[in-house]
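Q: Structure file work_22.tsv (TSV, C-alpha atoms) right here:
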```
chain	number	residue	atom	x	y	z
A	17	MET	CA	0.00	0.00	0.00
A	18	THR	CA	1.36	3.43	-0.92
A	19	LEU	CA	2.07	6.11	1.67
A	20	ARG	CA	-0.83	8.19	0.31
A	21	LEU	CA	-3.25	5.32	0.77
A	22	LEU	CA	-1.99	4.63	4.29
A	23	MET	CA	-2.46	8.30	5.15
A	24	ALA	CA	-5.93	8.24	3.61
A	25	ALA	CA	-6.95	5.22	5.68
A	26	ALA	CA	-5.72	6.83	8.88
A	27	ALA	CA	-7.49	10.10	8.08
A	28	ALA	CA	-10.73	8.31	7.25
A	29	ALA	CA	-10.71	6.69	10.67
A	30	LEU	CA	-9.98	10.05	12.28
A	31	LEU	CA	-12.79	11.83	10.45
A	32	ALA	CA	-15.23	9.07	11.30
A	33	GLY	CA	-14.70	9.80	14.96
A	34	CYS	CA	-14.96	13.58	14.75
A	35	ALA	CA	-18.03	15.29	16.17
A	36	THR	CA	-19.68	17.62	13.65
A	37	THR	CA	-22.86	19.60	13.34
A	38	GLU	CA	-24.01	17.57	10.34
A	39	VAL	CA	-27.52	16.13	10.46
A	40	ASP	CA	-28.32	13.34	7.99
A	41	TYR	CA	-31.93	13.34	6.82
A	42	GLN	CA	-34.19	10.59	5.56
A	43	GLY	CA	-33.05	10.53	1.93
A	44	GLU	CA	-29.44	9.60	2.46
A	45	GLY	CA	-29.23	5.86	2.05
A	46	ALA	CA	-32.85	5.29	3.04
A	47	GLY	CA	-34.29	5.08	-0.47
A	48	PHE	CA	-37.08	7.63	0.17
A	49	VAL	CA	-37.96	9.43	-3.07
A	50	GLY	CA	-40.18	12.51	-3.19
A	51	GLU	CA	-42.40	13.88	-5.94
A	52	GLY	CA	-40.80	14.83	-9.24
A	53	ALA	CA	-40.91	14.15	-12.98
A	54	ALA	CA	-39.50	10.68	-13.62
A	55	VAL	CA	-36.44	10.18	-15.81
A	56	GLN	CA	-34.09	7.25	-16.27
A	57	ALA	CA	-30.31	7.16	-16.44
A	58	ARG	CA	-28.90	5.90	-19.72
A	59	LEU	CA	-25.75	4.30	-18.27
A	60	GLU	CA	-23.59	4.10	-15.15
A	61	THR	CA	-19.99	3.72	-14.03
A	62	PRO	CA	-18.64	0.67	-12.24
A	63	SER	CA	-18.77	0.81	-8.46
A	64	VAL	CA	-15.98	2.82	-6.87
A	65	GLY	CA	-13.20	0.70	-5.43
A	66	THR	CA	-13.93	1.37	-1.76
A	67	GLY	CA	-16.00	-1.58	-0.56
A	68	GLY	CA	-17.94	-2.68	2.47
A	69	GLY	CA	-21.01	-0.55	1.74
A	70	GLU	CA	-19.15	2.60	2.78
A	71	ASP	CA	-20.16	6.14	1.88
A	72	ALA	CA	-17.43	6.66	-0.70
A	73	ALA	CA	-18.41	8.04	-4.14
A	74	ASP	CA	-19.20	11.73	-3.84
A	75	ASP	CA	-18.91	14.29	-6.61
A	76	PRO	CA	-18.31	14.39	-10.39
A	77	ALA	CA	-17.05	16.95	-12.90
A	78	ILE	CA	-17.34	16.91	-16.71
A	79	TRP	CA	-14.95	18.12	-19.40
A	80	ALA	CA	-15.60	17.75	-23.14
A	81	SER	CA	-13.30	18.53	-26.05
A	82	ALA	CA	-14.19	19.95	-29.44
A	83	ALA	CA	-11.38	17.86	-30.98
A	84	PRO	CA	-10.41	14.23	-30.31
A	85	VAL	CA	-8.04	13.74	-27.37
A	86	THR	CA	-6.22	10.82	-25.80
A	87	VAL	CA	-6.87	10.13	-22.12
A	88	ASN	CA	-4.45	7.66	-20.55
A	89	GLY	CA	-3.83	5.95	-23.88
A	90	ARG	CA	-7.49	5.82	-25.00
A	91	ALA	CA	-9.22	8.05	-27.53
A	92	SER	CA	-12.08	9.97	-25.95
A	93	PRO	CA	-14.00	13.21	-26.57
A	94	GLY	CA	-13.41	14.16	-22.92
A	95	PHE	CA	-14.00	12.65	-19.51
A	96	VAL	CA	-15.96	12.60	-16.29
A	97	ALA	CA	-13.94	12.90	-13.07
A	98	GLY	CA	-15.48	11.34	-9.96
A	99	THR	CA	-14.23	11.20	-6.39
A	100	ASP	CA	-13.99	8.21	-4.10
A	101	LYS	CA	-13.64	10.21	-0.90
A	102	LYS	CA	-11.93	7.32	0.85
A	103	ALA	CA	-9.33	6.65	-1.85
A	104	GLY	CA	-8.85	9.10	-4.72
A	105	LEU	CA	-10.01	10.25	-8.14
A	106	TYR	CA	-11.53	8.27	-11.00
A	107	ILE	CA	-11.45	9.41	-14.63
A	108	TYR	CA	-14.30	7.92	-16.68
A	109	GLY	CA	-15.16	7.98	-20.37
A	110	PHE	CA	-18.56	9.13	-21.61
A	111	ASP	CA	-19.43	5.43	-21.84
A	112	GLY	CA	-18.98	5.17	-18.05
A	113	GLN	CA	-15.87	3.02	-18.23
A	114	VAL	CA	-12.79	3.75	-16.12
A	115	LEU	CA	-9.98	5.46	-18.03
A	116	GLN	CA	-7.73	6.16	-15.05
A	117	PHE	CA	-7.57	6.05	-11.26
A	118	LEU	CA	-5.37	8.30	-9.15
A	119	PRO	CA	-4.93	6.99	-5.56
A	120	GLU	CA	-4.87	10.50	-4.13
A	121	GLY	CA	-6.51	10.09	-0.73
A	122	LEU	CA	-9.54	11.80	0.80
A	123	LEU	CA	-10.88	13.86	-2.11
A	124	ASN	CA	-14.44	15.08	-1.65
A	125	ASN	CA	-15.70	17.53	-4.33
A	126	VAL	CA	-14.08	17.97	-7.76
A	127	ASP	CA	-14.39	20.47	-10.61
A	128	ALA	CA	-12.63	21.17	-13.92
A	129	VAL	CA	-11.68	24.41	-15.67
A	130	GLU	CA	-9.90	25.63	-18.79
A	131	GLY	CA	-7.94	28.85	-19.04
A	132	LEU	CA	-4.52	28.16	-17.50
A	133	THR	CA	-1.25	27.82	-19.37
A	134	ILE	CA	1.28	25.49	-17.78
A	135	ASP	CA	4.79	25.13	-19.24
A	136	GLY	CA	3.67	27.04	-22.33
A	137	ARG	CA	0.67	24.83	-23.12
A	138	ALA	CA	-3.04	25.34	-22.51
A	139	GLN	CA	-4.17	22.82	-19.89
A	140	VAL	CA	-7.36	21.52	-18.33
A	141	VAL	CA	-7.06	21.84	-14.55
A	142	LEU	CA	-9.00	19.77	-12.03
A	143	GLY	CA	-9.33	20.78	-8.40
A	144	ALA	CA	-10.64	18.73	-5.50
A	145	SER	CA	-11.26	19.50	-1.83
A	146	ASP	CA	-8.77	17.31	0.01
A	147	ARG	CA	-8.92	16.12	3.63
A	148	THR	CA	-5.79	13.97	3.47
A	149	PRO	CA	-3.40	14.74	6.38
A	150	GLY	CA	-0.54	16.92	5.18
A	151	ARG	CA	-2.51	18.09	2.15
A	152	THR	CA	-5.59	19.66	3.74
A	153	GLY	CA	-6.90	22.14	1.19
A	154	ILE	CA	-7.35	21.90	-2.57
A	155	SER	CA	-5.46	19.28	-4.57
A	156	LEU	CA	-4.83	20.20	-8.19
A	157	TYR	CA	-4.44	18.04	-11.31
A	158	ALA	CA	-3.67	18.88	-14.93
A	159	PHE	CA	-4.53	17.35	-18.28
A	160	ASP	CA	-2.83	18.33	-21.51
A	161	PRO	CA	-5.36	17.96	-24.38
A	162	ALA	CA	-2.55	18.09	-26.95
A	163	GLY	CA	-0.30	15.73	-25.00
A	164	PRO	CA	1.25	12.44	-26.19
A	165	GLY	CA	-0.66	9.19	-26.71
A	166	ALA	CA	-0.28	7.94	-23.14
A	167	ASN	CA	-1.37	11.30	-21.76
A	168	GLY	CA	-3.52	11.19	-18.64
A	169	VAL	CA	-4.57	13.36	-15.73
A	170	ARG	CA	-1.54	14.05	-13.55
A	171	PRO	CA	-1.04	15.59	-10.08
A	172	TRP	CA	-0.05	19.26	-10.31
A	173	GLY	CA	0.10	20.55	-6.73
A	174	TYR	CA	-2.17	21.86	-4.02
A	175	ILE	CA	-3.43	24.95	-2.23
A	176	SER	CA	-3.07	24.80	1.54
A	177	THR	CA	-5.84	26.24	3.70
A	178	ASP	CA	-6.83	26.87	7.29
A	179	VAL	CA	-10.16	25.08	6.76
A	180	VAL	CA	-10.18	22.08	9.09
A	181	GLU	CA	-12.35	19.87	6.87
A	182	PRO	CA	-12.49	20.93	3.20
A	183	TYR	CA	-15.85	19.91	1.78
A	184	GLY	CA	-17.36	21.65	-1.24
A	185	PHE	CA	-15.36	22.94	-4.20
A	186	CYS	CA	-15.94	24.67	-7.53
A	187	PHE	CA	-14.01	26.64	-10.13
A	188	ALA	CA	-15.10	29.93	-11.69
A	189	ARG	CA	-13.89	32.21	-14.46
A	190	ARG	CA	-13.90	36.00	-13.99
A	191	GLY	CA	-12.57	37.50	-17.20
A	192	ALA	CA	-9.08	36.11	-17.66
A	193	GLU	CA	-8.85	34.94	-14.05
A	194	VAL	CA	-9.45	31.41	-12.77
A	195	HIS	CA	-10.98	31.38	-9.29
A	196	ALA	CA	-11.05	28.41	-6.92
A	197	VAL	CA	-13.84	28.36	-4.32
A	198	LEU	CA	-13.56	26.14	-1.25
A	199	VAL	CA	-16.43	25.46	1.18
A	200	GLY	CA	-15.62	24.03	4.61
A	201	HIS	CA	-17.73	21.46	6.43
A	202	GLU	CA	-18.67	23.99	9.12
A	203	GLY	CA	-19.54	26.75	6.66
A	204	GLU	CA	-16.21	28.40	5.94
A	205	LEU	CA	-15.93	30.09	2.53
A	206	ARG	CA	-12.53	30.70	0.90
A	207	GLN	CA	-11.93	32.07	-2.60
A	208	TYR	CA	-8.57	32.11	-4.39
A	209	VAL	CA	-7.21	33.35	-7.70
A	210	LEU	CA	-5.25	30.47	-9.26
A	211	THR	CA	-2.28	30.96	-11.57
A	212	ALA	CA	0.79	29.06	-12.77
A	213	ASP	CA	4.14	30.52	-11.73
A	214	ALA	CA	7.21	30.96	-13.91
A	215	VAL	CA	8.28	27.33	-13.47
A	216	GLY	CA	4.82	25.86	-14.01
A	217	ARG	CA	3.79	25.31	-10.41
A	218	PRO	CA	0.41	26.37	-9.02
A	219	ALA	CA	0.18	29.67	-7.17
A	220	ALA	CA	-2.90	30.88	-5.29
A	221	ARG	CA	-3.87	34.23	-3.81
A	222	GLU	CA	-6.72	34.35	-1.29
A	223	VAL	CA	-9.24	37.04	-2.27
A	224	ARG	CA	-12.21	36.30	-0.01
A	225	ARG	CA	-13.07	34.61	3.27
A	226	ALA	CA	-16.54	34.53	4.78
A	227	ASP	CA	-18.71	32.46	7.10
A	228	ILE	CA	-21.73	30.76	5.52
A	229	GLY	CA	-23.09	29.75	8.92
A	230	THR	CA	-23.56	26.00	9.28
A	231	ILE	CA	-22.63	22.82	7.38
A	232	SER	CA	-22.37	23.65	3.68
A	233	GLU	CA	-21.07	21.87	0.62
A	234	GLY	CA	-22.34	22.27	-2.93
A	235	CYS	CA	-21.21	25.31	-4.92
A	236	ALA	CA	-21.54	26.39	-8.55
A	237	ALA	CA	-20.51	29.60	-10.33
A	238	ASP	CA	-22.45	31.34	-13.08
A	239	GLU	CA	-19.90	33.58	-14.74
A	240	ALA	CA	-22.50	35.19	-17.03
A	241	THR	CA	-24.29	36.81	-14.07
A	242	ASP	CA	-21.24	36.97	-11.77
A	243	ALA	CA	-23.07	34.74	-9.27
A	244	LEU	CA	-21.88	32.08	-6.86
A	245	TYR	CA	-24.47	29.60	-5.57
A	246	ILE	CA	-23.89	27.66	-2.34
A	247	ASN	CA	-26.06	25.09	-0.55
A	248	GLU	CA	-26.16	25.49	3.23
A	249	GLU	CA	-27.34	21.95	3.78
A	250	ASN	CA	-30.00	22.40	6.45
A	251	VAL	CA	-30.91	26.01	5.60
A	252	GLY	CA	-31.24	26.46	1.84
A	253	LEU	CA	-29.76	27.74	-1.40
A	254	TRP	CA	-27.84	31.04	-1.31
A	255	ARG	CA	-26.74	33.36	-4.12
A	256	TYR	CA	-23.51	35.24	-3.45
A	257	GLY	CA	-21.69	37.59	-5.79
A	258	LEU	CA	-18.80	35.93	-7.57
A	259	ASP	CA	-16.85	39.16	-7.19
A	260	PRO	CA	-14.73	38.71	-4.04
A	261	ALA	CA	-15.41	42.34	-3.13
A	262	SER	CA	-19.06	41.41	-2.48
A	263	GLY	CA	-17.86	39.76	0.74
A	264	ASP	CA	-20.56	37.91	2.67
A	265	ARG	CA	-23.57	39.65	1.07
A	266	ARG	CA	-26.06	37.08	-0.16
A	267	THR	CA	-29.68	36.34	-1.08
A	268	LEU	CA	-31.65	33.25	-0.04
A	269	ILE	CA	-32.99	31.83	-3.30
A	270	GLN	CA	-34.71	28.78	-1.85
A	271	PRO	CA	-35.10	27.88	1.83
A	272	ALA	CA	-35.18	24.20	2.75
A	273	ALA	CA	-38.82	23.22	2.30
A	274	PRO	CA	-40.90	20.11	1.50
A	275	ASP	CA	-41.37	19.40	-2.21
A	276	ARG	CA	-38.74	21.99	-3.17
A	277	LEU	CA	-35.33	21.57	-1.48
A	278	VAL	CA	-35.24	19.04	1.35
A	279	ALA	CA	-32.26	18.91	3.73
A	280	ASP	CA	-29.62	17.80	3.24
A	281	ALA	CA	-29.27	20.18	0.30
A	282	GLU	CA	-26.10	18.89	-1.33
A	283	GLY	CA	-24.67	19.25	-4.84
A	284	LEU	CA	-25.12	22.13	-7.30
A	285	THR	CA	-24.38	22.42	-11.01
A	286	ILE	CA	-25.19	24.73	-13.93
A	287	LEU	CA	-26.06	23.65	-17.47
A	288	ALA	CA	-26.13	26.00	-20.47
A	289	ASP	CA	-28.62	25.04	-23.19
A	290	GLY	CA	-28.31	27.62	-25.94
A	291	ASP	CA	-29.26	30.96	-24.40
A	292	ALA	CA	-30.91	29.29	-21.41
A	293	ARG	CA	-29.02	28.39	-18.25
A	294	TYR	CA	-30.31	26.08	-15.57
A	295	LEU	CA	-29.24	25.58	-11.96
A	296	ILE	CA	-29.72	21.99	-10.76
A	297	ALA	CA	-29.47	20.95	-7.11
A	298	SER	CA	-29.48	17.69	-5.19
A	299	SER	CA	-32.33	17.59	-2.67
A	300	GLN	CA	-30.74	14.71	-0.80
A	301	GLY	CA	-33.47	14.50	1.85
A	302	ASP	CA	-36.00	13.21	-0.70
A	303	SER	CA	-33.72	12.07	-3.54
A	304	THR	CA	-34.93	14.60	-6.10
A	305	PHE	CA	-33.32	17.28	-8.26
A	306	PRO	CA	-34.79	20.82	-8.19
A	307	VAL	CA	-34.20	22.99	-11.27
A	308	TRP	CA	-34.26	26.79	-11.72
A	309	ARG	CA	-33.73	28.86	-14.85
A	310	ILE	CA	-31.18	31.56	-13.99
A	311	ASP	CA	-30.39	33.48	-17.20
A	312	GLY	CA	-33.01	36.19	-16.68
A	313	ALA	CA	-33.48	38.94	-14.14
A	314	ALA	CA	-35.06	36.50	-11.66
A	315	HIS	CA	-34.61	32.87	-10.66
A	316	VAL	CA	-37.49	30.97	-12.28
A	317	TRP	CA	-38.63	27.72	-10.71
A	318	VAL	CA	-38.81	24.98	-13.36
A	319	GLY	CA	-39.65	21.89	-11.33
A	320	ARG	CA	-38.02	18.75	-9.98
A	321	PHE	CA	-37.03	15.42	-11.45
A	322	LYS	CA	-36.18	12.06	-9.93
A	323	VAL	CA	-34.21	9.17	-11.42
A	324	THR	CA	-36.14	5.89	-11.48
A	325	ASP	CA	-35.27	2.33	-12.52
A	326	GLY	CA	-34.62	1.86	-16.24
A	327	PRO	CA	-31.60	0.68	-18.23
A	328	VAL	CA	-29.78	1.02	-14.90
A	329	ASP	CA	-31.14	1.27	-11.37
A	330	GLY	CA	-32.66	4.45	-9.96
A	331	VAL	CA	-30.89	7.06	-7.84
A	332	THR	CA	-31.25	7.95	-4.16
A	333	GLY	CA	-29.38	10.19	-1.72
A	334	THR	CA	-27.22	12.01	-4.26
A	335	ASP	CA	-24.22	13.86	-2.83
A	336	GLY	CA	-22.67	15.52	-5.87
A	337	LEU	CA	-23.68	16.12	-9.46
A	338	ALA	CA	-22.36	17.81	-12.60
A	339	ALA	CA	-23.91	18.90	-15.90
A	340	LEU	CA	-22.66	20.03	-19.29
A	341	GLY	CA	-24.77	21.27	-22.19
A	342	GLY	CA	-24.11	20.81	-25.90
A	343	ALA	CA	-22.66	17.73	-27.58
A	344	VAL	CA	-21.04	15.52	-24.93
A	345	GLY	CA	-19.96	12.15	-26.27
A	346	SER	CA	-23.12	10.23	-27.19
A	347	PHE	CA	-25.33	12.90	-25.58
A	348	PRO	CA	-26.12	15.42	-28.37
A	349	GLU	CA	-27.66	18.15	-26.18
A	350	GLY	CA	-25.90	17.56	-22.87
A	351	VAL	CA	-25.54	15.20	-19.93
A	352	VAL	CA	-26.17	15.28	-16.18
A	353	VAL	CA	-24.00	12.98	-14.04
A	354	VAL	CA	-25.14	12.20	-10.48
A	355	GLN	CA	-23.72	10.18	-7.60
A	356	ASP	CA	-25.91	7.27	-6.46
A	357	ASP	CA	-25.86	6.58	-2.73
A	358	VAL	CA	-27.41	3.09	-2.98
A	359	ASN	CA	-26.29	1.23	-6.09
A	360	ASP	CA	-28.05	-2.05	-6.92
A	361	VAL	CA	-24.80	-3.99	-7.41
A	362	GLY	CA	-21.59	-3.34	-5.49
A	363	THR	CA	-20.73	-0.02	-3.90
A	364	GLN	CA	-21.72	3.52	-4.83
A	365	ASN	CA	-21.26	4.83	-8.36
A	366	PHE	CA	-22.25	7.55	-10.84
A	367	LYS	CA	-25.22	7.64	-13.24
A	368	TYR	CA	-25.39	9.48	-16.61
A	369	ILE	CA	-28.71	11.10	-17.60
A	370	ASP	CA	-29.45	12.49	-21.06
A	371	TRP	CA	-30.40	16.18	-20.79
A	372	ARG	CA	-33.04	15.63	-23.49
A	373	ASP	CA	-34.86	13.23	-21.16
A	374	ILE	CA	-34.88	15.81	-18.36
A	375	LYS	CA	-36.13	18.55	-20.70
A	376	ALA	CA	-38.94	16.34	-21.92
A	377	ALA	CA	-39.93	15.32	-18.40
A	378	LEU	CA	-40.04	18.96	-17.21
A	379	GLY	CA	-41.71	20.26	-20.38
A	380	LEU	CA	-38.85	22.63	-21.26
```
Using structure tokens, write down the structure that the file contains.
A:
Amino acid sequence: MTLRLLMAAAAAALLAGCATTEVDYQGEGAGFVGEGAAVQARLETPSVGTGGGEDAADDPAIWASAAPVTVNGRASPGFVAGTDKKAGLYIYGFDGQVLQFLPEGLLNNVDAVEGLTIDGRAQVVLGASDRTPGRTGISLYAFDPAGPGANGVRPWGYISTDVVEPYGFCFARRGAEVHAVLVGHEGELRQYVLTADAVGRPAAREVRRADIGTISEGCAADEATDALYINEENVGLWRYGLDPASGDRRTLIQPAAPDRLVADAEGLTILADGDARYLIASSQGDSTFPVWRIDGAAHVWVGRFKVTDGPVDGVTGTDGLAALGGAVGSFPEGVVVVQDDVNDVGTQNFKYIDWRDIKAALGL
């Protein structure tokens, strides 16, 4: 066993014994599913490697390429990254199959961004909240789309932080800047500007710190409206300004409430469909997915969907999710990838849902 895996195992045991303010509600692992338009997932990934029925799979991110790329020796139009928060980071193809596994420890939430040049080449950067001892903060990974045939996702470095238990994470673009947003388990908010230094190493400058209040996780940035959305799990959905100068000013978009957003409110993602943009959340308490349209002057409630049995089993208790509009592999208008807390075979995994199915179910 590698040193990183030994450290991860020790940290997992430590975290399991820590007292927190988290309250787990009926949806997580219980199979309770609330009201919502029914859709089915088209395919799924294999179970994550952590066994024993543990809470392990957590959060995905999606990156798609306009030109063919090679990921770890295999041709692919992009990839889905998914965390096993007890062991590391999986890289999946758009067919759900594993392209790569990085045994990187206690990674919780992951996101991907373009816009950084490393060693003179444009790179895709992945960031993940990391609770591994000695690396508490944000672990960073890079992928070179124009790299050689065996090219894969590789460790790049990390951003250290004073947050005791890094939890939620998302990237954002503000003009030419790449911002990294970290959410702590107890509601800490940290925002950094990420760059590459003269020798190609990551450099980060903290530009905002604030207190969300209580346990928080999911975050998603809408660069078009300069908005940052954060789920305070037992309170509701907040809209912050993405501009660090906005500090802790915020608006409650949706309080936790039956048939809307049921605690624990977990993951958040944004999908662009032409001129329309949609914010999708995980209402973990009743295993549904609320949707708002966010491209206008107001947040417009669209409805909720749930993922029922079909080509693969249904979905309950989702922690993290990611969405990407446009052509994504075999999904011509976009895909939504969600974590499944109770998989029918093996341990937890990730499900892929065709955006066209969600649009049809919600009447969009």
Q: Point out the residue among A:Gly290, A:Gly257, A:Gly98, A:Gly191 with the least atom-to-atom distance to Gln207 (chain A), counting only C-alpha atoms.
A: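 Closest candidate: A:Gly257.
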Q: Do a neighbour search on Ala261 (chain A) at 12 Å with all atoms listed in the file, toss out local chain neighbours closer than 6 positions, and write the hits as a list of chain:residue names.
A: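 Counting only the stated atoms, we get A:Gln207, A:Glu222, A:Val223, A:Arg224, A:Arg225, A:Ala226, A:Asp242.
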Q: Give me, please, the distance in Å between CA of Phe347 (chain A) and CA of Asp373 (chain A), quoted to one decimal.
A: 10.5 Å
Q: Each residue of region 241-286 of chain A with at least one atom at most 12 Å from region 299-309 of chain A should appear once, together with its nearest atom pair and the corresponding distance in Å (one decimal); atoms considered: all atoms listed in the file; ordering: chain, then increasing residue number; output as CSV.
A:
```
residue,atom,partner,partner_atom,distance
A:Tyr245,CA,A:Trp308,CA,11.9
A:Asn247,CA,A:Ser299,CA,10.0
A:Glu248,CA,A:Ser299,CA,11.6
A:Glu249,CA,A:Gln300,CA,9.2
A:Asn250,CA,A:Gly301,CA,9.8
A:Val251,CA,A:Ser299,CA,11.9
A:Gly252,CA,A:Ser299,CA,10.0
A:Leu253,CA,A:Ser299,CA,10.5
A:Ile269,CA,A:Trp308,CA,9.9
A:Gln270,CA,A:Trp308,CA,10.1
A:Pro271,CA,A:Ser299,CA,11.6
A:Ala272,CA,A:Ser299,CA,9.0
A:Ala273,CA,A:Ser299,CA,9.9
A:Pro274,CA,A:Asp302,CA,8.7
A:Asp275,CA,A:Asp302,CA,8.3
A:Arg276,CA,A:Pro306,CA,6.5
A:Leu277,CA,A:Ser299,CA,5.1
A:Val278,CA,A:Gly301,CA,4.9
A:Ala279,CA,A:Gly301,CA,4.9
A:Asp280,CA,A:Gln300,CA,5.2
A:Ala281,CA,A:Ser299,CA,5.0
A:Glu282,CA,A:Gln300,CA,6.3
A:Gly283,CA,A:Ser299,CA,8.1
A:Leu284,CA,A:Phe305,CA,9.6
A:Thr285,CA,A:Val307,CA,9.8
A:Ile286,CA,A:Arg309,CA,9.5
```
Q: Which one is closest to Thr152 (chain A): A:Phe321, A:Trp172, A:Tyr183, A:Tyr106? Count all atoms listed in the file.
A: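 The answer is A:Tyr183, which sits nearest to Thr152 (chain A).
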Q: If we count all atoms listed in the file, what is near Ala237 (chain A) at a cut-off of 10 Å, once residues fewer than 2 positions away on the same chain are taken out, given as number ranges by chain?
A: A: 186-190, 195, 197, 235, 239-246, 255-258, 284-286, 295
Q: Would you compute the distance between CA of Lys102 (chain A) and CA of Leu156 (chain A)? Give it in Å to one decimal.
A: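 These atoms are spaced 17.3 Å apart.
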Q: Give me, please, the distance in Å between CA of Gly150 (chain A) and CA of Phe366 (chain A), quoted to one decimal.
A: 28.6 Å
Q: Extract, using all atoms listed in the file, all DNA, RNA and protein residues at most 10 Å from Asp178 (chain A), discarding same-chain residues fewer than 6 positions from it, and format them as a VMD selection string.
A: chain A and resid 152 to 153 200 204 206
Q: Output C-alpha atoms for every residue in that selection, as a PDB file, in the coordinates of the input.
A:
```
ATOM      1  CA  THR A 152      -5.590  19.660   3.740  1.00  0.00           C
ATOM      2  CA  GLY A 153      -6.900  22.140   1.190  1.00  0.00           C
ATOM      3  CA  GLY A 200     -15.620  24.030   4.610  1.00  0.00           C
ATOM      4  CA  GLU A 204     -16.210  28.400   5.940  1.00  0.00           C
ATOM      5  CA  ARG A 206     -12.530  30.700   0.900  1.00  0.00           C
TER       6      ARG A 206
END
```
Q: Smallest atom-to-atom distance to Lys322 (chain A): which of A:Ala54, A:Leu380, A:Leu287, A:Ala338, using only C-alpha atoms?
A: A:Ala54
Q: Using all atoms listed in the file, which residue out of A:Leu205, A:Val323, A:Ile175, A:Leu105 lies closest to Ala77 (chain A)?
A: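 Between A:Leu205, A:Val323, A:Ile175, A:Leu105, the residue approaching Ala77 (chain A) most closely is A:Leu105.
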Q: Using only C-alpha atoms, which of A:Val87, A:Ala297, A:Val180, A:Val129 sits nearest Val194 (chain A)?
A: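 Using only C-alpha atoms, the shortest distance to Val194 (chain A) belongs to A:Val129.
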Q: For Pro76 (chain A), which of A:Gly336, A:Pro218, A:Gly131, A:Gly136 is the closest residue, counting all atoms listed in the file?
A: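 Answer, going by the shortest atom-to-atom distance: A:Gly336.
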Q: Reconstruct N, CA and C atoms of region 310-321 of chain A from the incomplete input and present them as a PDB file, in the coordinates of the input.
A:
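The new file out_14.pdb reads:
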```pdb
ATOM      1  N   ILE A 310     -31.893  30.466 -14.657  1.00  0.00           N
ATOM      2  CA  ILE A 310     -31.180  31.560 -13.990  1.00  0.00           C
ATOM      3  C   ILE A 310     -30.616  32.594 -14.957  1.00  0.00           C
ATOM      4  N   ASP A 311     -30.993  32.559 -16.244  1.00  0.00           N
ATOM      5  CA  ASP A 311     -30.390  33.480 -17.200  1.00  0.00           C
ATOM      6  C   ASP A 311     -31.122  34.813 -17.280  1.00  0.00           C
ATOM      7  N   GLY A 312     -32.276  34.934 -16.647  1.00  0.00           N
ATOM      8  CA  GLY A 312     -33.010  36.190 -16.680  1.00  0.00           C
ATOM      9  C   GLY A 312     -32.764  37.038 -15.459  1.00  0.00           C
ATOM     10  N   ALA A 313     -33.641  38.034 -15.271  1.00  0.00           N
ATOM     11  CA  ALA A 313     -33.480  38.940 -14.140  1.00  0.00           C
ATOM     12  C   ALA A 313     -33.837  38.273 -12.821  1.00  0.00           C
ATOM     13  N   ALA A 314     -34.640  37.200 -12.876  1.00  0.00           N
ATOM     14  CA  ALA A 314     -35.060  36.500 -11.660  1.00  0.00           C
ATOM     15  C   ALA A 314     -34.765  35.013 -11.800  1.00  0.00           C
ATOM     16  N   HIS A 315     -34.767  34.310 -10.658  1.00  0.00           N
ATOM     17  CA  HIS A 315     -34.610  32.870 -10.660  1.00  0.00           C
ATOM     18  C   HIS A 315     -36.000  32.254 -10.852  1.00  0.00           C
ATOM     19  N   VAL A 316     -36.173  31.510 -11.927  1.00  0.00           N
ATOM     20  CA  VAL A 316     -37.490  30.970 -12.280  1.00  0.00           C
ATOM     21  C   VAL A 316     -37.529  29.484 -11.932  1.00  0.00           C
ATOM     22  N   TRP A 317     -38.458  29.124 -11.079  1.00  0.00           N
ATOM     23  CA  TRP A 317     -38.630  27.720 -10.710  1.00  0.00           C
ATOM     24  C   TRP A 317     -39.126  26.932 -11.905  1.00  0.00           C
ATOM     25  N   VAL A 318     -38.439  25.823 -12.227  1.00  0.00           N
ATOM     26  CA  VAL A 318     -38.810  24.980 -13.360  1.00  0.00           C
ATOM     27  C   VAL A 318     -39.533  23.729 -12.894  1.00  0.00           C
ATOM     28  N   GLY A 319     -39.060  23.119 -11.816  1.00  0.00           N
ATOM     29  CA  GLY A 319     -39.650  21.890 -11.330  1.00  0.00           C
ATOM     30  C   GLY A 319     -38.577  20.973 -10.775  1.00  0.00           C
ATOM     31  N   ARG A 320     -38.957  19.734 -10.525  1.00  0.00           N
ATOM     32  CA  ARG A 320     -38.020  18.750  -9.980  1.00  0.00           C
ATOM     33  C   ARG A 320     -38.114  17.467 -10.787  1.00  0.00           C
ATOM     34  N   PHE A 321     -37.004  16.753 -10.846  1.00  0.00           N
ATOM     35  CA  PHE A 321     -37.030  15.420 -11.450  1.00  0.00           C
ATOM     36  C   PHE A 321     -36.430  14.418 -10.476  1.00  0.00           C
TER      37      PHE A 321
END
```
